[in-house]
Amino acid sequence: MPSSVVNTYIYFPETEVLRIIYQSGTVYDYLKVPLSISEKFRQARSKGRFLNSVIKRRFKYIKVS
């Protein structure tokens with residue numbers, strides 16, 4: 001999953017939280033992300049493009065660190 005934007009990610013299905021760890025080390029939790037969207041993110045060829053065009057536009061987020 002090489003990406004110039006996303007270092008790694010974790011999906012927590014019990015809370016529908018998608019945690020994104022950026023290349024910079026900054027961590028954000030995107031809230032109420034359905035499993036279906038997290039699966040599309042996982043399958044996306046460009047994680048950064050999907051993050052910007054789908055996730056950031058539709059879901060609230062909080063900065064973790």
# chains A, B, ... in the order shown; residues from 1 in each chain; ligands from 1
call {"tool": "select_by_dssp", "arguments": {"residues": "chain A", "states": "strand (DSSP E)", "output": "ChimeraX atom specification"}}
result
/A:6-12,17-22,27-30,61-63
call {"tool": "residues_around", "arguments": {"residues": "range 50-64 of chain A", "least_positions_apart": "3", "cutoff": "8 Å", "atoms": "only C-alpha atoms", "output": "PyMOL selection string"}}
result
chain A and resi 26-33+41+44+46-47
call {"tool": "select_by_dssp", "arguments": {"residues": "chain A", "states": "helix (DSSP H, G or I)", "output": "ChimeraX atom specification"}}
result
/A:35-43,47-58
call {"tool": "write_last_selection", "arguments": {"atoms": "N, CA and C atoms", "output": "mmCIF file, in the first residue's frame"}}
result
data_model
loop_
_atom_site.group_PDB
_atom_site.id
_atom_site.type_symbol
_atom_site.label_atom_id
_atom_site.label_comp_id
_atom_site.auth_asym_id
_atom_site.auth_seq_id
_atom_site.Cartn_x
_atom_site.Cartn_y
_atom_site.Cartn_z
ATOM 1 N N LEU A 35 -18.591 0.018 7.066
ATOM 2 C CA LEU A 35 -17.673 -1.029 6.616
ATOM 3 C C LEU A 35 -17.499 -1.000 5.102
ATOM 4 N N SER A 36 -18.575 -0.770 4.369
ATOM 5 C CA SER A 36 -18.497 -0.765 2.903
ATOM 6 C C SER A 36 -17.547 0.311 2.384
ATOM 7 N N ILE A 37 -17.529 1.466 3.030
ATOM 8 C CA ILE A 37 -16.618 2.540 2.608
ATOM 9 C C ILE A 37 -15.179 2.192 2.991
ATOM 10 N N SER A 38 -14.990 1.604 4.158
ATOM 11 C CA SER A 38 -13.635 1.218 4.552
ATOM 12 C C SER A 38 -13.073 0.161 3.609
ATOM 13 N N GLU A 39 -13.934 -0.729 3.127
ATOM 14 C CA GLU A 39 -13.499 -1.741 2.160
ATOM 15 C C GLU A 39 -13.125 -1.097 0.822
ATOM 16 N N LYS A 40 -13.902 -0.119 0.391
ATOM 17 C CA LYS A 40 -13.564 0.597 -0.853
ATOM 18 C C LYS A 40 -12.243 1.344 -0.693
ATOM 19 N N PHE A 41 -12.025 1.927 0.480
ATOM 20 C CA PHE A 41 -10.755 2.593 0.749
ATOM 21 C C PHE A 41 -9.613 1.585 0.680
ATOM 22 N N ARG A 42 -9.795 0.442 1.304
ATOM 23 C CA ARG A 42 -8.764 -0.606 1.305
ATOM 24 C C ARG A 42 -8.407 -1.028 -0.114
ATOM 25 N N GLN A 43 -9.411 -1.083 -0.991
ATOM 26 C CA GLN A 43 -9.205 -1.539 -2.356
ATOM 27 C C GLN A 43 -8.743 -0.436 -3.313
ATOM 28 N N LYS A 47 -4.865 5.705 -2.274
ATOM 29 C CA LYS A 47 -5.467 5.964 -0.964
ATOM 30 C C LYS A 47 -5.683 7.461 -0.756
ATOM 31 N N GLY A 48 -4.715 8.277 -1.147
ATOM 32 C CA GLY A 48 -4.832 9.715 -0.966
ATOM 33 C C GLY A 48 -5.990 10.310 -1.743
ATOM 34 N N ARG A 49 -6.158 9.878 -2.969
ATOM 35 C CA ARG A 49 -7.257 10.384 -3.800
ATOM 36 C C ARG A 49 -8.608 9.984 -3.219
ATOM 37 N N PHE A 50 -8.740 8.732 -2.791
ATOM 38 C CA PHE A 50 -9.997 8.267 -2.198
ATOM 39 C C PHE A 50 -10.275 9.005 -0.895
ATOM 40 N N LEU A 51 -9.244 9.179 -0.087
ATOM 41 C CA LEU A 51 -9.380 9.900 1.168
ATOM 42 C C LEU A 51 -9.907 11.316 0.931
ATOM 43 N N ASN A 52 -9.315 12.019 -0.020
ATOM 44 C CA ASN A 52 -9.715 13.397 -0.304
ATOM 45 C C ASN A 52 -11.087 13.503 -0.959
ATOM 46 N N SER A 53 -11.390 12.608 -1.871
ATOM 47 C CA SER A 53 -12.631 12.750 -2.644
ATOM 48 C C SER A 53 -13.848 12.131 -1.969
ATOM 49 N N VAL A 54 -13.651 11.154 -1.102
ATOM 50 C CA VAL A 54 -14.793 10.467 -0.488
ATOM 51 C C VAL A 54 -14.828 10.679 1.026
ATOM 52 N N ILE A 55 -13.790 10.288 1.696
ATOM 53 C CA ILE A 55 -13.839 10.241 3.158
ATOM 54 C C ILE A 55 -13.851 11.633 3.781
ATOM 55 N N LYS A 56 -12.934 12.492 3.396
ATOM 56 C CA LYS A 56 -12.869 13.824 4.005
ATOM 57 C C LYS A 56 -14.129 14.643 3.750
ATOM 58 N N ARG A 57 -14.769 14.420 2.636
ATOM 59 C CA ARG A 57 -15.963 15.191 2.284
ATOM 60 C C ARG A 57 -17.223 14.723 3.002
ATOM 61 N N ARG A 58 -17.243 13.456 3.412
ATOM 62 C CA ARG A 58 -18.483 12.877 3.940
ATOM 63 C C ARG A 58 -18.498 12.634 5.439
#
call {"tool": "residues_around", "arguments": {"residues": "Tyr9 in chain A", "least_positions_apart": "4", "cutoff": "9 Å", "atoms": "only C-alpha atoms", "output": "ChimeraX atom specification"}}
result
/A:18-22,42
call {"tool": "write_last_selection", "arguments": {"atoms": "all heavy atoms", "output": "tab-separated table (two decimals), in the first residue's frame"}}
result
chain	number	residue	atom	x	y	z
A	18	LEU	N	-12.49	4.93	11.26
A	18	LEU	CA	-11.37	4.67	10.35
A	18	LEU	C	-10.23	5.58	10.80
A	18	LEU	O	-10.33	6.80	10.72
A	18	LEU	CB	-11.76	4.98	8.90
A	18	LEU	CG	-10.65	4.80	7.87
A	18	LEU	CD1	-10.17	3.35	7.81
A	18	LEU	CD2	-11.12	5.27	6.51
A	19	ARG	N	-9.17	4.98	11.31
A	19	ARG	CA	-8.02	5.74	11.78
A	19	ARG	C	-6.99	5.79	10.65
A	19	ARG	O	-6.56	4.77	10.14
A	19	ARG	CB	-7.41	5.10	13.02
A	19	ARG	CG	-6.13	5.79	13.49
A	19	ARG	CD	-5.75	5.37	14.88
A	19	ARG	NE	-6.73	5.92	15.82
A	19	ARG	CZ	-6.80	5.57	17.08
A	19	ARG	NH1	-5.97	4.68	17.58
A	19	ARG	NH2	-7.72	6.12	17.87
A	20	ILE	N	-6.62	7.01	10.30
A	20	ILE	CA	-5.63	7.23	9.26
A	20	ILE	C	-4.37	7.79	9.89
A	20	ILE	O	-4.42	8.78	10.62
A	20	ILE	CB	-6.14	8.24	8.19
A	20	ILE	CG1	-7.46	7.79	7.58
A	20	ILE	CG2	-5.06	8.47	7.14
A	20	ILE	CD1	-7.37	6.60	6.68
A	21	ILE	N	-3.27	7.14	9.63
A	21	ILE	CA	-1.97	7.63	10.07
A	21	ILE	C	-1.26	8.13	8.81
A	21	ILE	O	-0.95	7.36	7.90
A	21	ILE	CB	-1.16	6.54	10.77
A	21	ILE	CG1	-1.98	6.00	11.95
A	21	ILE	CG2	0.20	7.07	11.22
A	21	ILE	CD1	-1.51	4.69	12.51
A	22	TYR	N	-1.08	9.44	8.78
A	22	TYR	CA	-0.48	10.09	7.61
A	22	TYR	C	1.03	9.89	7.61
A	22	TYR	O	1.63	9.57	8.63
A	22	TYR	CB	-0.82	11.58	7.62
A	22	TYR	CG	-2.28	11.85	7.29
A	22	TYR	CD1	-3.25	11.83	8.27
A	22	TYR	CD2	-2.67	12.10	5.98
A	22	TYR	CE1	-4.58	12.06	7.97
A	22	TYR	CE2	-3.99	12.33	5.66
A	22	TYR	CZ	-4.94	12.31	6.66
A	22	TYR	OH	-6.26	12.54	6.35
A	42	ARG	N	-9.80	0.44	1.30
A	42	ARG	CA	-8.76	-0.61	1.30
A	42	ARG	C	-8.41	-1.03	-0.11
A	42	ARG	O	-7.24	-1.25	-0.44
A	42	ARG	CB	-9.24	-1.82	2.11
A	42	ARG	CG	-8.20	-2.92	2.25
A	42	ARG	CD	-8.74	-4.13	2.97
A	42	ARG	NE	-9.79	-4.82	2.26
A	42	ARG	CZ	-9.59	-5.63	1.21
A	42	ARG	NH1	-8.38	-5.85	0.76
A	42	ARG	NH2	-10.61	-6.22	0.62
call {"tool": "atom_distance", "arguments": {"atom1": "CA of Gly25 in chain A", "atom2": "CA of Ser4 in chain A"}}
result
12.3 Å
call {"tool": "decode", "arguments": {"residues": "range 7-24 of chain A", "atoms": "C-alpha atoms", "output": "CSV table (one decimal), in the first residue's frame"}}
result
chain,number,residue,atom,x,y,z
A,7,ASN,CA,1.3,5.7,6.0
A,8,THR,CA,-1.2,3.2,7.3
A,9,TYR,CA,-4.8,2.8,8.5
A,10,ILE,CA,-6.9,0.8,10.9
A,11,TYR,CA,-10.6,0.2,10.8
A,12,PHE,CA,-12.6,-0.4,14.0
A,13,PRO,CA,-15.8,-2.1,12.9
A,14,GLU,CA,-17.4,-2.0,16.4
A,15,THR,CA,-17.3,1.8,16.5
A,16,GLU,CA,-17.1,2.5,12.7
A,17,VAL,CA,-13.9,4.5,13.1
A,18,LEU,CA,-11.4,4.7,10.4
A,19,ARG,CA,-8.0,5.7,11.8
A,20,ILE,CA,-5.6,7.2,9.3
A,21,ILE,CA,-2.0,7.6,10.1
A,22,TYR,CA,-0.5,10.1,7.6
A,23,GLN,CA,3.1,10.0,6.3
A,24,SER,CA,3.8,13.0,8.6
